[in-house]
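Novice: Following this message is one structure expressed as C-alpha cells.
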Number of protein chains: 2
Amino acid sequence: MKPAKPTTPKGTRDYTPSMMLKRNFIIGHIKEVFEKYGFMPLETPAMENLSVLMGKYGEEGDQLLYKILNQADFLSKVETSDIEKGSKHLALKISEKGLRYDLTVPFARFVVMNQNDLAFPFKRYQIQPVWRGDAPQKGRYREFYQCDADVVGTESLICEAEIILMMHEVLGNRLKIKDYAIKMNNRKILAGIAETVGAEGKEAELCVAIDKLDKIGKEKVLNELKERGFTDTNLEKLLPIFNLPANNQEKIDFLEKFLENSTIGKQGIEEVKKVLKYLQSFSSTLTFEVEIDITLARGLSYYTGAIFEVKVRNSAIGSISGGGRYDNLTGTFGLEGVAGVGFSFGLDRIYDVMEEQSLFPSQTQSTTKIMLSNFDSEAEAYTLPILKKLRDEGIKAEIYPQSSKLDKQLKYANKKQIPFVVLIGSEEMSSGIFTLKNMQEGTQQKLNIEEIIKQLAI
Amino acid sequence: MKPAKPTTPKGTRDYTPSMMLKRNFIIGHIKEVFEKYGFMPLETPAMENLSVLMGKYGEEGDQLLYKILNQADFLSKVETSDIEKGSKHLALKISEKGLRYDLTVPFARFVVMNQNDLAFPFKRYQIQPVWRGDAPQKGRYREFYQCDADVVGTESLICEAEIILMMHEVLGNRLKIKDYAIKMNNRKILAGIAETVGAEGKEAELCVAIDKLDKIGKEKVLNELKERGFTDTNLEKLLPIFNLPANNQEKIDFLEKFLENSTIGKQGIEEVKKVLKYLQSFSSTLTFEVEIDITLARGLSYYTGAIFEVKVRNSAIGSISGGGRYDNLTGTFGLEGVAGVGFSFGLDRIYDVMEEQSLFPSQTQSTTKIMLSNFDSEAEAYTLPILKKLRDEGIKAEIYPQSSKLDKQLKYANKKQIPFVVLIGSEEMSSGIFTLKNMQEGTQQKLNIEEIIKQLAI
C-alpha cells in the first residue's frame, strides 16, 4: 500500500523557490535600510523557556503558545493529581520550553542577559519566524515572519523621526509601494483627551470606540462609549474631537487649544511637533506626508509615547508596518528604566500588496540567468569550460545535466523561468558562434562567448 | 523581590550582532555560490507532522525529536491506559507535530507534495536551523543551522563534479580557508572491496573499522574486523588495501586491478574517474586536489554512489562539509525512483575554523561605518541633513541620538566598533570643515563633507 501523501501542519506552508526569491527581495531591502540607519542584526533561539514567555501575552497568548514536550521520561515527575487537574495544569508539568511568540520578549530577555556588554543606546534588528496556535485563516498563518527594529536606552525623538524615514525608504523608495499612508499618534495625546473630557485613564476605551468611527458611524461610537462608562458630560465634551480638521497643522492647532489644561496632553503635542520638526531637519523636501491620526491605538497598553502605523489606501490588506515608544521593555525581567522605541514590517502583507500592485521586478522570477544545452558527451565536454567562464564572470549559469532532446531541455528552462538558453551543437563547436535564445521574447541571436557575456550584463 | 535573571534553554544561544555579522558573511558567500550553480532557495516550516518525521532517523532520532504539545485540551483523547503505558507511548497521543530534525526529510516531503509542479532535475538549496535534543557539549547545540544543496531527478555525474567545485569556491576562493582537503569515495568501490575479499555486503563493517586506521593502527583494525565476522581468508585478501599508494592515479590503477572481478567495484572506479574527468573539463588548471579516500563512509546506509567530505588538516574541528549520492530520497513517502546527490556546509564549524585561522575581514566587525556627534540641539539640527546626505550616498551612518559628553559618545562608537566618527561643534558649523576621527588608528583629519564621503569610499 502506498503511504498517504505527506502534508505540512495546518497553518504552515513551504516557501517555494519563486516565493523565496520575492521574499528575499523584500527582506534584502529591509535589512539594508535597517543597517544604513545603524541597526545591527540579532537572532534568538526558536525555543525559549516557558518562564520567559508565559504571562507576557495575556491569558489568550499563554494558550496560543506552542509548548514543547520535555525529552525522555516526561511523566516521571507527574502525580495522578496533576493529570486530574487537566490539560492546562499538566502542560506546565510536562513542558519547560515553548516556541517564540514574537520578537519583543526574546529581545527584552537578551537585553537583560547582556546589559553589561551592550553599547547603549542599543539598536538591533531581528528578522525571524514566530509561532502562534491561532485558528488559521486567509493571510493568517501559525508560522510567520516578523521584521523588528528597536532602539533601547534613549528617549531621543530623533529615533521616532528615523522610524518614519525608514518606513518611507523601504516601502516607497525601494519597494515602490503606491498609495500608502504613514499614520502617527501619541499615547499622551489620548491620555490628555480622556483627562480633558473628564474620563481620566480611560484612553483605552476611548480608542477602541473611536477607531470604529469609519465603520459604524458617530452615533454607535457614542453608544459604545456610554456602555464603557463614559457619562453624558464626558461625551458632550468629546464631541469636537469628531470634527477634527484634516490638515496636520490645523489638527495640532486644534489639539493645542483643546488640551490646554492637560499637562500630559500638551506633552504629547510637543512630542508630535518635535518629531515633525526632526523630519523637516532631515530634509526640507520630504516627498511624503505623515498623517496625524488620533484614533490610532495598536495595543495601547504597551505604548507610552509615539504610535505608528502604515496602511495601504483602498486595499483590504490592513496595516503593513507599525510600532511605537515604550517605557519599560525589561521590567518584567527585573531591569527597570529601559525605554525605547521600535517598529516592525509585516513581511507577508507587504508581499501581498506587492503582488496586488504588480511590483516584483523580473529578477525575482529566477536566479539562473542562462542555461547551456547538453546534446551529447562531446558537446558536454566542450561546454563545461564555457560554463566555468560564465560563472567566473559572476553570471548565474547551469548546464542541463544530461544529454536530452532539445524540447525537454527548453521545457526545463521555461519551467524554471531561466531567461536565456545557449544552444551548442556540432556546428557551434566548430565555429565558436553560439545561438543565444531569449526565452521571454522568443528571439535568438548568433554570438560568440564574449558577446554573450556582454549581452547578459545589460 | 527581583525576578530571577532569565536564560536561554540549555543547548541554545543567542547570535549577538558581532556573531551575526560573521555568520551572515559566511552565509552570503554560500548563497551566492549555490545560486551561481543554478540552485534555488527553499524554506520549509519549523514544525512538521510527526508522521513525516518519525521513523526516519532511527530509534535514537525519534527520541531526540522535539515534540510539540497539542493545543488546548490535549488530554481529552487520552485514556488512563495511555498514561500507564508511559512517556514514549503517551507522547504520540498528546503531540502531533515536531520540530525539523534535518533539512533532508522536509525536502523529500516537499518534492513528493509538489512533484507535478517542479522542474526536474530540481536543484534547491536550504539554509535553516534544525533542532535535536542531544546532550549539549562544546560545539554541539540543540539548535543549529544546516546549509544544504541537492539536485534530484538526475544521475548525471556533472552534479558530483559541481559539488566539488562549489566546495572549493566557497571554502577556498571566497572564505580563504587554508589547508583543507576535499575527500571523495564511492559506495560501489567499498561494496567491490567487500565482494573481492569474500565478504559481500559487509562494506559497512569494513568502513567503520578501516576508518580508525590512523588512530588505532592496522593490528587493531584487523582484530575489530574479525570480531565483526571477517574470516582469516577475508582479512588476508584485504591486506593490500592497507598499503594503498598516496597519489590518486596510482590509487585508481591499484583499485582497477584489485577489483577486476567485481562488477560493482569496477562501476565505482568508473564513476570516480568520470567525476575527475569532468573536473578536468571544467578547468585544466584546477588549483586544488581532490583526494580519493576509500575509508570515507559518512553514514553509509544512506549513500549509494559518490561520498564527499571536507576536512581541515591539523585542526581538532573535524568535517566542515560533506555529502553524497542517494538512490531513493522519497521512497518512504511513496514516490520511488527519485535519485539525487547533495551536500551540506557545516556553518558553525566553518565559523570556528575561520576564527582559528583569523579569516574574518574587518567589515564583519561592524555595520555602521560612521557616527556623527551630538553636542547640543543646534548642532543636532545642523547635523541631520548631513546624516541624510551620507545615507543617500549608501553609507551606513548614525547620529548619537542625544546631546552628551564627547567621551560618552566615543565610548559608544568604540563599543560598537564604528570605524569613523565626525565631530561637529560650533567651529565646524561655521566653517563647514569637520574633524573626521579614525577610531582604529586614532588619527584625525579636517575635511568637508564631500571629502569625507570620498574618504569613506576607500
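Convention: chains lettered A, B, ... in C-alpha cells order; per-chain residue numbering from 1; ligands numbered from 1 as shown.
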Report as a list of chain:residue names all protein, DNA and RNA residues lying within 10 Å of A:Leu279, evaluated on only C-alpha atoms, omitting residues in the same chain fewer than 4 positions from it.

Specialist: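 Within the cut-off, the hits are A:Ile158, A:Glu160, A:Ala161, A:Glu162, A:Ile164, A:Leu165, A:Lys273, A:Lys274, A:Val275, A:Ser283, A:Ser284, A:Thr285, A:Leu286, A:Val290, B:Leu384, B:Pro385.
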
Novice: Set the distance at 9 Å and use only C-alpha atoms: which residues neighbour B:Gly432 once local chain neighbours fewer than 4 positions away are removed? I'd like the list as a PyMOL selection string.

Specialist: chain B and resi 427-428+447-449

Novice: Hey, what's within 9 Å of stretch 339-341 of chain B if we count only C-alpha atoms and toss same-chain stuff fewer than 4 positions away? As an MDAnalysis selection string, please?

Specialist: chainID B and resid 121 149:155 159:160 163 303 305:306 323:330

Novice: DSSP on the backbone, then: every residue of stretch 12-179 of chain B marked helix (DSSP H, G or I), written as a PyMOL selection string.

Specialist: chain B and resi 17-36+50-53+58-64+74-77+80-84+87-94+104-113+158-174

Novice: Neighbouring residues of A:Thr263 were defined as those with any atom within 12 Å, considering only C-alpha atoms; residues of the same chain fewer than 3 positions away were excluded. Please report them as a list of chain:residue names.

Specialist: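 With the cut-off at 12 Å, the set is A:Lys188, A:Ile189, A:Ala191, A:Gly192, A:Ile193, A:Glu195, A:Thr196, A:Glu256, A:Phe258, A:Leu259, A:Glu260, A:Lys266, A:Gln267, A:Gly268, A:Ile269, A:Glu270.
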
Novice: Check the smallest atom-to-atom distance from each of B:Ile320, B:Leu255, B:Leu175, B:Leu335 to chain A using only C-alpha atoms, then report the winner.

Specialist: B:Leu335

Novice: Could you pull the residues within 10 Å of B:Arg124, counting only C-alpha atoms, minus those fewer than 3 positions along the same chain, as a VMD selection string?

Specialist: (chain A and resid 16 to 17) or (chain B and resid 34 to 35 38 to 43 107 121 148 to 152 342)

Novice: How would the residues just picked look written out with C-alpha atoms as a PDB file, in the first residue's frame?

Specialist:
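Output (again01.pdb):
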```pdb
ATOM      1  CA  THR A  16       8.765  27.610  -2.755  1.00  0.00           C
ATOM      2  CA  PRO A  17      11.710  28.962  -4.773  1.00  0.00           C
TER       3      PRO A  17
ATOM      4  CA  PHE B  34      24.677  27.960  -4.661  1.00  0.00           C
ATOM      5  CA  GLU B  35      22.776  30.377  -6.904  1.00  0.00           C
ATOM      6  CA  GLY B  38      21.685  27.073 -10.536  1.00  0.00           C
ATOM      7  CA  PHE B  39      20.294  26.146  -7.126  1.00  0.00           C
ATOM      8  CA  MET B  40      17.134  27.900  -5.976  1.00  0.00           C
ATOM      9  CA  PRO B  41      16.198  28.749  -2.387  1.00  0.00           C
ATOM     10  CA  LEU B  42      13.570  26.776  -0.459  1.00  0.00           C
ATOM     11  CA  GLU B  43      12.329  27.089   3.116  1.00  0.00           C
ATOM     12  CA  PHE B 107      12.897  18.402   1.353  1.00  0.00           C
ATOM     13  CA  PRO B 121      16.164  17.901 -12.349  1.00  0.00           C
ATOM     14  CA  ASP B 148      22.092  22.010   2.165  1.00  0.00           C
ATOM     15  CA  ALA B 149      22.097  21.880  -1.624  1.00  0.00           C
ATOM     16  CA  ASP B 150      20.639  18.923  -3.546  1.00  0.00           C
ATOM     17  CA  VAL B 151      19.880  18.027  -7.160  1.00  0.00           C
ATOM     18  CA  VAL B 152      17.197  15.400  -7.574  1.00  0.00           C
ATOM     19  CA  GLY B 342      23.502  16.585  -2.239  1.00  0.00           C
TER      20      GLY B 342
END
```
